[in-house]
$ cat target-v2.pdb   # PDB, C-alpha atoms, pLDDT in the B column
MODEL        1
ATOM      1  CA  MET I 143      -0.630  20.799  -7.444  1.00 46.00           C
ATOM      2  CA  LEU I 144       1.586  17.708  -7.690  1.00 50.00           C
ATOM      3  CA  THR I 145       3.459  17.012 -10.891  1.00 52.00           C
ATOM      4  CA  ARG I 146       3.816  13.493 -12.238  1.00 51.00           C
ATOM      5  CA  LEU I 147       7.325  12.179 -12.596  1.00 52.00           C
ATOM      6  CA  ASP I 148       8.767  10.479 -15.646  1.00 53.00           C
ATOM      7  CA  GLY I 149       8.590   6.696 -15.648  1.00 53.00           C
ATOM      8  CA  CYS I 150       5.495   6.144 -13.551  1.00 57.00           C
ATOM      9  CA  LYS I 151       1.912   6.826 -14.568  1.00 58.00           C
ATOM     10  CA  GLY I 152       0.540   7.524 -11.134  1.00 62.00           C
ATOM     11  CA  CYS I 153       3.479   8.633  -8.998  1.00 61.00           C
ATOM     12  CA  THR I 154       4.194  12.133  -7.864  1.00 60.00           C
ATOM     13  CA  GLU I 155       6.835  13.781  -5.724  1.00 61.00           C
ATOM     14  CA  SER I 156       4.793  12.769  -2.679  1.00 67.00           C
ATOM     15  CA  VAL I 157       5.827   9.117  -3.071  1.00 70.00           C
ATOM     16  CA  ARG I 158       9.340   9.781  -1.829  1.00 80.00           C
ATOM     17  CA  VAL I 159       9.910   8.018   1.485  1.00 85.00           C
ATOM     18  CA  THR I 160      12.381   9.189   4.103  1.00 88.00           C
ATOM     19  CA  PRO I 161      14.732   6.589   5.608  1.00 91.00           C
ATOM     20  CA  GLU I 162      12.975   7.017   8.966  1.00 93.00           C
ATOM     21  CA  LYS I 163       9.542   6.406   7.473  1.00 92.00           C
ATOM     22  CA  LEU I 164      10.849   3.405   5.534  1.00 91.00           C
ATOM     23  CA  GLU I 165      12.195   1.840   8.741  1.00 94.00           C
ATOM     24  CA  ARG I 166       8.816   2.353  10.401  1.00 95.00           C
ATOM     25  CA  LEU I 167       6.986   0.798   7.441  1.00 93.00           C
ATOM     26  CA  ILE I 168       9.289  -2.233   7.588  1.00 93.00           C
ATOM     27  CA  GLU I 169       8.593  -2.626  11.311  1.00 94.00           C
ATOM     28  CA  ILE I 170       4.848  -2.575  10.663  1.00 95.00           C
ATOM     29  CA  ALA I 171       5.021  -4.972   7.701  1.00 93.00           C
ATOM     30  CA  ILE I 172       7.063  -7.657   9.465  1.00 93.00           C
ATOM     31  CA  ARG I 173       4.987  -7.908  12.640  1.00 94.00           C
ATOM     32  CA  GLY I 174       4.088 -11.538  13.131  1.00 94.00           C
ATOM     33  CA  ARG I 175       5.538 -12.589   9.769  1.00 95.00           C
ATOM     34  CA  GLU I 176       8.576 -14.667   8.886  1.00 97.00           C
ATOM     35  CA  THR I 177      11.468 -12.498   7.769  1.00 97.00           C
ATOM     36  CA  ALA I 178      14.324 -13.271   5.415  1.00 96.00           C
ATOM     37  CA  ALA I 179      17.710 -14.008   6.947  1.00 97.00           C
ATOM     38  CA  ASP I 180      19.943 -10.930   7.034  1.00 97.00           C
ATOM     39  CA  GLN I 181      22.217 -12.410   4.355  1.00 97.00           C
ATOM     40  CA  ASP I 182      19.239 -13.078   2.055  1.00 97.00           C
ATOM     41  CA  TYR I 183      17.823  -9.613   2.708  1.00 97.00           C
ATOM     42  CA  MET I 184      21.125  -7.963   1.811  1.00 97.00           C
ATOM     43  CA  ALA I 185      21.465 -10.052  -1.380  1.00 97.00           C
ATOM     44  CA  ARG I 186      17.912  -9.139  -2.408  1.00 97.00           C
ATOM     45  CA  MET I 187      18.561  -5.462  -1.766  1.00 97.00           C
ATOM     46  CA  GLU I 188      21.759  -5.573  -3.837  1.00 97.00           C
ATOM     47  CA  GLN I 189      19.762  -6.975  -6.750  1.00 96.00           C
ATOM     48  CA  CYS I 190      17.089  -4.306  -6.347  1.00 96.00           C
ATOM     49  CA  GLN I 191      19.638  -1.499  -6.101  1.00 96.00           C
ATOM     50  CA  SER I 192      21.169  -2.543  -9.431  1.00 95.00           C
ATOM     51  CA  CYS I 193      17.800  -3.040 -11.179  1.00 95.00           C
ATOM     52  CA  ASN I 194      16.700  -0.489 -13.781  1.00 93.00           C
ATOM     53  CA  ALA I 195      13.144  -0.763 -12.423  1.00 94.00           C
ATOM     54  CA  LEU I 196      14.077   0.851  -9.110  1.00 94.00           C
ATOM     55  CA  GLN I 197      12.488   4.289  -8.746  1.00 90.00           C
ATOM     56  CA  TYR I 198      13.179   6.963  -6.128  1.00 88.00           C
ATOM     57  CA  GLU I 199      15.787   4.591  -4.601  1.00 91.00           C
ATOM     58  CA  THR I 200      12.935   2.792  -2.788  1.00 93.00           C
ATOM     59  CA  THR I 201      10.173   1.667  -5.137  1.00 92.00           C
ATOM     60  CA  CYS I 202       9.798  -1.148  -7.685  1.00 94.00           C
ATOM     61  CA  ARG I 203       8.383   0.047 -10.981  1.00 92.00           C
ATOM     62  CA  HIS I 204       6.903  -3.413 -11.696  1.00 93.00           C
ATOM     63  CA  CYS I 205       4.693  -3.751  -8.631  1.00 91.00           C
ATOM     64  CA  GLY I 206       4.851  -0.420  -6.800  1.00 89.00           C
ATOM     65  CA  CYS I 207       6.166  -1.956  -3.587  1.00 92.00           C
ATOM     66  CA  LEU I 208       8.826  -0.542  -1.338  1.00 94.00           C
ATOM     67  CA  VAL I 209      11.662  -2.943  -2.134  1.00 96.00           C
ATOM     68  CA  ALA I 210      13.079  -2.893   1.408  1.00 96.00           C
ATOM     69  CA  VAL I 211       9.745  -4.116   2.760  1.00 96.00           C
ATOM     70  CA  ARG I 212       9.318  -6.774   0.081  1.00 96.00           C
ATOM     71  CA  ALA I 213      12.928  -7.983   0.467  1.00 97.00           C
ATOM     72  CA  LYS I 214      12.543  -8.328   4.239  1.00 97.00           C
ATOM     73  CA  LEU I 215       9.586 -10.726   4.035  1.00 96.00           C
ATOM     74  CA  ALA I 216      10.691 -14.364   3.666  1.00 96.00           C
ATOM     75  CA  GLU I 217       7.814 -15.409   1.391  1.00 94.00           C
ATOM     76  CA  SER I 218       8.258 -12.521  -1.060  1.00 95.00           C
ATOM     77  CA  THR I 219       9.584 -12.897  -4.574  1.00 95.00           C
ATOM     78  CA  CYS I 220      10.959 -10.417  -7.055  1.00 96.00           C
ATOM     79  CA  PRO I 221       8.199  -9.232  -9.423  1.00 94.00           C
ATOM     80  CA  PHE I 222      10.513  -8.754 -12.440  1.00 94.00           C
ATOM     81  CA  PRO I 223       8.360  -9.680 -15.479  1.00 92.00           C
ATOM     82  CA  THR I 224      10.819 -12.160 -17.022  1.00 92.00           C
ATOM     83  CA  GLY I 225      11.468 -13.932 -13.733  1.00 89.00           C
ATOM     84  CA  SER I 226      12.771 -13.240 -10.276  1.00 89.00           C
ATOM     85  CA  ARG I 227      16.120 -11.487 -10.090  1.00 92.00           C
ATOM     86  CA  TRP I 228      16.572 -12.766  -6.551  1.00 91.00           C
ATOM     87  CA  SER I 229      18.604 -15.959  -6.476  1.00 78.00           C
TER
ENDMDL
END
$ encode --input "target-v2.pdb" --output "structure tokens"
Amino acid sequence: MLTRLDGCKGCTESVRVTPEKLERLIEIAIRGRETAADQDYMARMEQCQSCNALQYETTCRHCGCLVAVRAKLAESTCPFPTGSRWS
């Protein structure tokens, strides 16, 4: 039986993603899509890492996405409710 974690209605321990799996998911997500420049990606990730909505060091509480995947895609925006935290 999986136990729900504080802060997320539907998440359980099983949502934790290993660094290797995260890299693979990024590879799959960016196939054939425009990616953010490395500098933009790093700036986005810095914002996400300092955001209080980051869960499990990988997941956005506002949309449920893996922030590394979202930050890598050029057309993505930050889903923060009061406006994007990505400059």
$ resolve_selection --input "target-v2.pdb" --expression "the PyMOL selection byres ((chain I and resi 180) around 12)" --output "PyMOL selection string"
chain I and resi 177-179+181-187+210+213-216
$ closest_residue --input "target-v2.pdb" --among "I:Val211, I:Ser229, I:Thr224, I:Gln191" --to "I:Leu164" --atoms "all atoms listed in the file"
I:Val211
$ residues_around --input "target-v2.pdb" --residues "stretch 158-160 of chain I" --least-positions-apart "4" --cutoff "9 Å" --atoms "all atoms listed in the file" --output "ChimeraX atom specification"
/I:154,164-165,198-201
$ write_last_selection --input "target-v2.pdb" --atoms "C-alpha atoms" --output "short mmCIF file (atom, residue, chain, number, x, y, z; two decimals), keeping the file's coordinate frame"
data_model
loop_
_atom_site.label_atom_id
_atom_site.label_comp_id
_atom_site.auth_asym_id
_atom_site.auth_seq_id
_atom_site.Cartn_x
_atom_site.Cartn_y
_atom_site.Cartn_z
CA THR I 154 4.19 12.13 -7.86
CA LEU I 164 10.85 3.40 5.53
CA GLU I 165 12.20 1.84 8.74
CA TYR I 198 13.18 6.96 -6.13
CA GLU I 199 15.79 4.59 -4.60
CA THR I 200 12.94 2.79 -2.79
CA THR I 201 10.17 1.67 -5.14
#
$ atom_distance --input "target-v2.pdb" --atom1 "atom CA of I:Cys193" --atom2 "atom CA of I:Gly225"
12.9 Å
$ atom_distance --input "target-v2.pdb" --atom1 "atom CA of I:Pro221" --atom2 "atom CA of I:Cys202"
8.4 Å
$ atom_distance --input "target-v2.pdb" --atom1 "atom CA of I:Cys205" --atom2 "atom CA of I:Trp228"
15.1 Å
$ closest_residue --input "target-v2.pdb" --among "I:Val209, I:Ile172, I:Ser218, I:Arg166" --to "I:Gln189" --atoms "all atoms listed in the file"
I:Val209
$ closest_residue --input "target-v2.pdb" --among "I:Cys190, I:Leu208, I:Glu176, I:Ala171" --to "I:Ser226" --atoms "all atoms listed in the file"
I:Cys190
